Amino acid sequence: GLLAGVVTMSAAVLIASAFGGLRFALDTGHSREEIVSSLVISLLIFAVGAAFEEVLFRGYILQTFNRSGLGWFAILLTSAFFGFVHIRNPDAGAISTINTVLAGVWFGVAYLKTRDLWFVWGMHLMWNWQQGSIFGIEVSGLTDITTAPLLKEIDRGPMWLTGESYGIEGGIACTVAIVISIAAI
């Protein structure tokens, strides 16, 4: 799961960098100690957040419907809920909501394929942690979890591709990466 999250996030970043104005530089505004501390603390915060969301969405709800033979309905229902709970995040819009629903599908399909909620938790954790703590990109519009990322994001858009202030989850680069990952699973 960890690798799936890393590869998919890396693909989204590569697409946005190749076709848009997304670039990165080392974070020279923070000390090595601040960066290491931020990496560790944000890992713990993202781990708890991913665990909560996965237990809520792919844990009880998805598994209960799946046991009733309604696996695809469960994926669609939990993905819609997943998108809905993120809709009030800072700078959320149509593309970010679609991508969050697609991420719910991605996580749901991964669960049904592996029957391992830890696998899905690892995907979710690494997606968020790599995005915020390594690349310095906003995570679903949030910027306060990672105080000193390893890299500094330089996002010159276009917004429809890179997501700008919402983060890469608000752009088409993310859509493409998640759709490819869903197909691969």
# chains A, B, ... in the order shown; residues from 1 in each chain; ligands from 1

call {"tool": "select_by_dssp", "arguments": {"residues": "region 14-97 of chain A", "states": "strand (DSSP E or B)", "output": "ChimeraX atom specification"}}
result
/A:22-26

call {"tool": "write_last_selection", "arguments": {"atoms": "C-alpha atoms", "output": "short mmCIF file (atom, residue, chain, number, x, y, z; two decimals), in the first residue's frame"}}
result
data_model
loop_
_atom_site.label_atom_id
_atom_site.label_comp_id
_atom_site.auth_asym_id
_atom_site.auth_seq_id
_atom_site.Cartn_x
_atom_site.Cartn_y
_atom_site.Cartn_z
CA LEU A 22 4.75 22.85 -11.11
CA ARG A 23 8.36 22.95 -9.93
CA PHE A 24 10.23 22.25 -6.69
CA ALA A 25 13.24 23.57 -4.79
CA LEU A 26 14.86 22.44 -1.58
#

call {"tool": "residues_around", "arguments": {"residues": "Thr64 (chain A)", "least_positions_apart": "5", "cutoff": "12 Å", "atoms": "only C-alpha atoms", "output": "PyMOL selection string"}}
result
chain A and resi 56-59+69-71+73-75+78

call {"tool": "write_last_selection", "arguments": {"atoms": "C-alpha atoms", "output": "compact mmCIF listing (two decimals), in the first residue's frame"}}
result
# COMPACT_ATOMS: atom_id res chain seq x y z
CA LEU A 56 -14.91 5.14 8.63
CA PHE A 57 -15.22 4.78 4.87
CA ARG A 58 -13.56 1.53 3.81
CA GLY A 59 -13.91 -0.17 7.18
CA GLY A 69 -23.09 -8.57 -2.26
CA LEU A 70 -23.19 -4.84 -2.91
CA GLY A 71 -19.46 -4.14 -3.31
CA PHE A 73 -22.62 0.13 -4.55
CA ALA A 74 -20.49 0.36 -1.41
CA ILE A 75 -17.59 1.84 -3.34
CA THR A 78 -18.43 5.63 0.38

call {"tool": "closest_atom_pairs", "arguments": {"of": "region 17-102 of chain A", "to": "region 174-177 of chain A", "cutoff": "12 Å", "atoms": "only C-alpha atoms", "output": "JSON lines"}}
result
{"residue": "A:Ser17", "atom": "CA", "partner": "A:Cys174", "partner_atom": "CA", "distance": 11.6}
{"residue": "A:Ala94", "atom": "CA", "partner": "A:Thr175", "partner_atom": "CA", "distance": 11.9}
{"residue": "A:Ile95", "atom": "CA", "partner": "A:Thr175", "partner_atom": "CA", "distance": 8.3}
{"residue": "A:Ser96", "atom": "CA", "partner": "A:Cys174", "partner_atom": "CA", "distance": 9.0}
{"residue": "A:Thr97", "atom": "CA", "partner": "A:Thr175", "partner_atom": "CA", "distance": 10.6}
{"residue": "A:Ile98", "atom": "CA", "partner": "A:Thr175", "partner_atom": "CA", "distance": 8.1}
{"residue": "A:Asn99", "atom": "CA", "partner": "A:Thr175", "partner_atom": "CA", "distance": 5.7}
{"residue": "A:Thr100", "atom": "CA", "partner": "A:Thr175", "partner_atom": "CA", "distance": 9.2}
{"residue": "A:Val101", "atom": "CA", "partner": "A:Thr175", "partner_atom": "CA", "distance": 10.2}
{"residue": "A:Leu102", "atom": "CA", "partner": "A:Thr175", "partner_atom": "CA", "distance": 7.6}

call {"tool": "write_last_selection", "arguments": {"atoms": "N, CA, C and O atoms", "output": "PDB file, in the first residue's frame"}}
result
ATOM      1  N   SER A  17       4.264  18.529 -13.525  1.00  0.00           N
ATOM      2  CA  SER A  17       5.559  19.159 -13.813  1.00  0.00           C
ATOM      3  C   SER A  17       5.861  19.154 -15.304  1.00  0.00           C
ATOM      4  O   SER A  17       6.390  20.136 -15.841  1.00  0.00           O
ATOM      5  N   ALA A  94     -14.770  21.987  -8.147  1.00  0.00           N
ATOM      6  CA  ALA A  94     -15.329  20.849  -8.880  1.00  0.00           C
ATOM      7  C   ALA A  94     -14.281  19.762  -9.130  1.00  0.00           C
ATOM      8  O   ALA A  94     -14.545  18.578  -8.886  1.00  0.00           O
ATOM      9  N   ILE A  95     -13.107  20.148  -9.612  1.00  0.00           N
ATOM     10  CA  ILE A  95     -12.082  19.140  -9.925  1.00  0.00           C
ATOM     11  C   ILE A  95     -11.602  18.457  -8.651  1.00  0.00           C
ATOM     12  O   ILE A  95     -11.445  17.231  -8.611  1.00  0.00           O
ATOM     13  N   SER A  96     -11.393  19.222  -7.576  1.00  0.00           N
ATOM     14  CA  SER A  96     -10.919  18.598  -6.333  1.00  0.00           C
ATOM     15  C   SER A  96     -11.962  17.631  -5.778  1.00  0.00           C
ATOM     16  O   SER A  96     -11.609  16.570  -5.257  1.00  0.00           O
ATOM     17  N   THR A  97     -13.223  17.966  -5.910  1.00  0.00           N
ATOM     18  CA  THR A  97     -14.279  17.077  -5.419  1.00  0.00           C
ATOM     19  C   THR A  97     -14.341  15.808  -6.257  1.00  0.00           C
ATOM     20  O   THR A  97     -14.437  14.697  -5.714  1.00  0.00           O
ATOM     21  N   ILE A  98     -14.268  15.946  -7.566  1.00  0.00           N
ATOM     22  CA  ILE A  98     -14.244  14.767  -8.445  1.00  0.00           C
ATOM     23  C   ILE A  98     -13.041  13.891  -8.104  1.00  0.00           C
ATOM     24  O   ILE A  98     -13.162  12.669  -8.002  1.00  0.00           O
ATOM     25  N   ASN A  99     -11.883  14.518  -7.900  1.00  0.00           N
ATOM     26  CA  ASN A  99     -10.678  13.748  -7.580  1.00  0.00           C
ATOM     27  C   ASN A  99     -10.788  13.054  -6.231  1.00  0.00           C
ATOM     28  O   ASN A  99     -10.282  11.939  -6.057  1.00  0.00           O
ATOM     29  N   THR A 100     -11.425  13.698  -5.267  1.00  0.00           N
ATOM     30  CA  THR A 100     -11.587  13.069  -3.960  1.00  0.00           C
ATOM     31  C   THR A 100     -12.539  11.875  -4.067  1.00  0.00           C
ATOM     32  O   THR A 100     -12.296  10.828  -3.459  1.00  0.00           O
ATOM     33  N   VAL A 101     -13.584  12.011  -4.857  1.00  0.00           N
ATOM     34  CA  VAL A 101     -14.478  10.873  -5.100  1.00  0.00           C
ATOM     35  C   VAL A 101     -13.704   9.759  -5.803  1.00  0.00           C
ATOM     36  O   VAL A 101     -13.814   8.583  -5.430  1.00  0.00           O
ATOM     37  N   LEU A 102     -12.897  10.121  -6.800  1.00  0.00           N
ATOM     38  CA  LEU A 102     -12.068   9.118  -7.493  1.00  0.00           C
ATOM     39  C   LEU A 102     -11.081   8.455  -6.542  1.00  0.00           C
ATOM     40  O   LEU A 102     -10.832   7.251  -6.641  1.00  0.00           O
TER      41      LEU A 102
END

call {"tool": "closest_residue", "arguments": {"among": "A:Gly170, A:Leu151, A:Ala4, A:Glu164", "to": "Ile134 (chain A)", "atoms": "only C-alpha atoms"}}
result
A:Leu151

call {"tool": "closest_residue", "arguments": {"among": "A:Leu161, A:Ala103, A:Val120, A:Ala92", "to": "Leu142 (chain A)", "atoms": "only C-alpha atoms"}}
result
A:Ala92

call {"tool": "closest_residue", "arguments": {"among": "A:Arg156, A:Gly171, A:Ala183, A:Ile87", "to": "Gly21 (chain A)", "atoms": "only C-alpha atoms"}}
result
A:Arg156

call {"tool": "closest_residue", "arguments": {"among": "A:Trp121, A:Tyr60, A:Phe82, A:Phe65", "to": "Gly5 (chain A)", "atoms": "only C-alpha atoms"}}
result
A:Trp121

call {"tool": "closest_residue", "arguments": {"among": "A:Leu2, A:Val179, A:Ala173, A:Val105", "to": "Ala18 (chain A)", "atoms": "only C-alpha atoms"}}
result
A:Ala173

call {"tool": "atom_distance", "arguments": {"atom1": "CA of Phe119 (chain A)", "atom2": "CA of Gly1 (chain A)"}}
result
4.3 Å

call {"tool": "closest_residue", "arguments": {"among": "A:Met123, A:Ile154, A:Ile35, A:Ala16", "to": "Ala110 (chain A)", "atoms": "only C-alpha atoms"}}
result
A:Met123

call {"tool": "select_by_dssp", "arguments": {"residues": "chain A", "states": "alpha helix (DSSP H)", "output": "PyMOL selection string"}}
result
chain A and resi 2-19+32-54+62-67+71-86+94-114+117-129+159-162+172-184
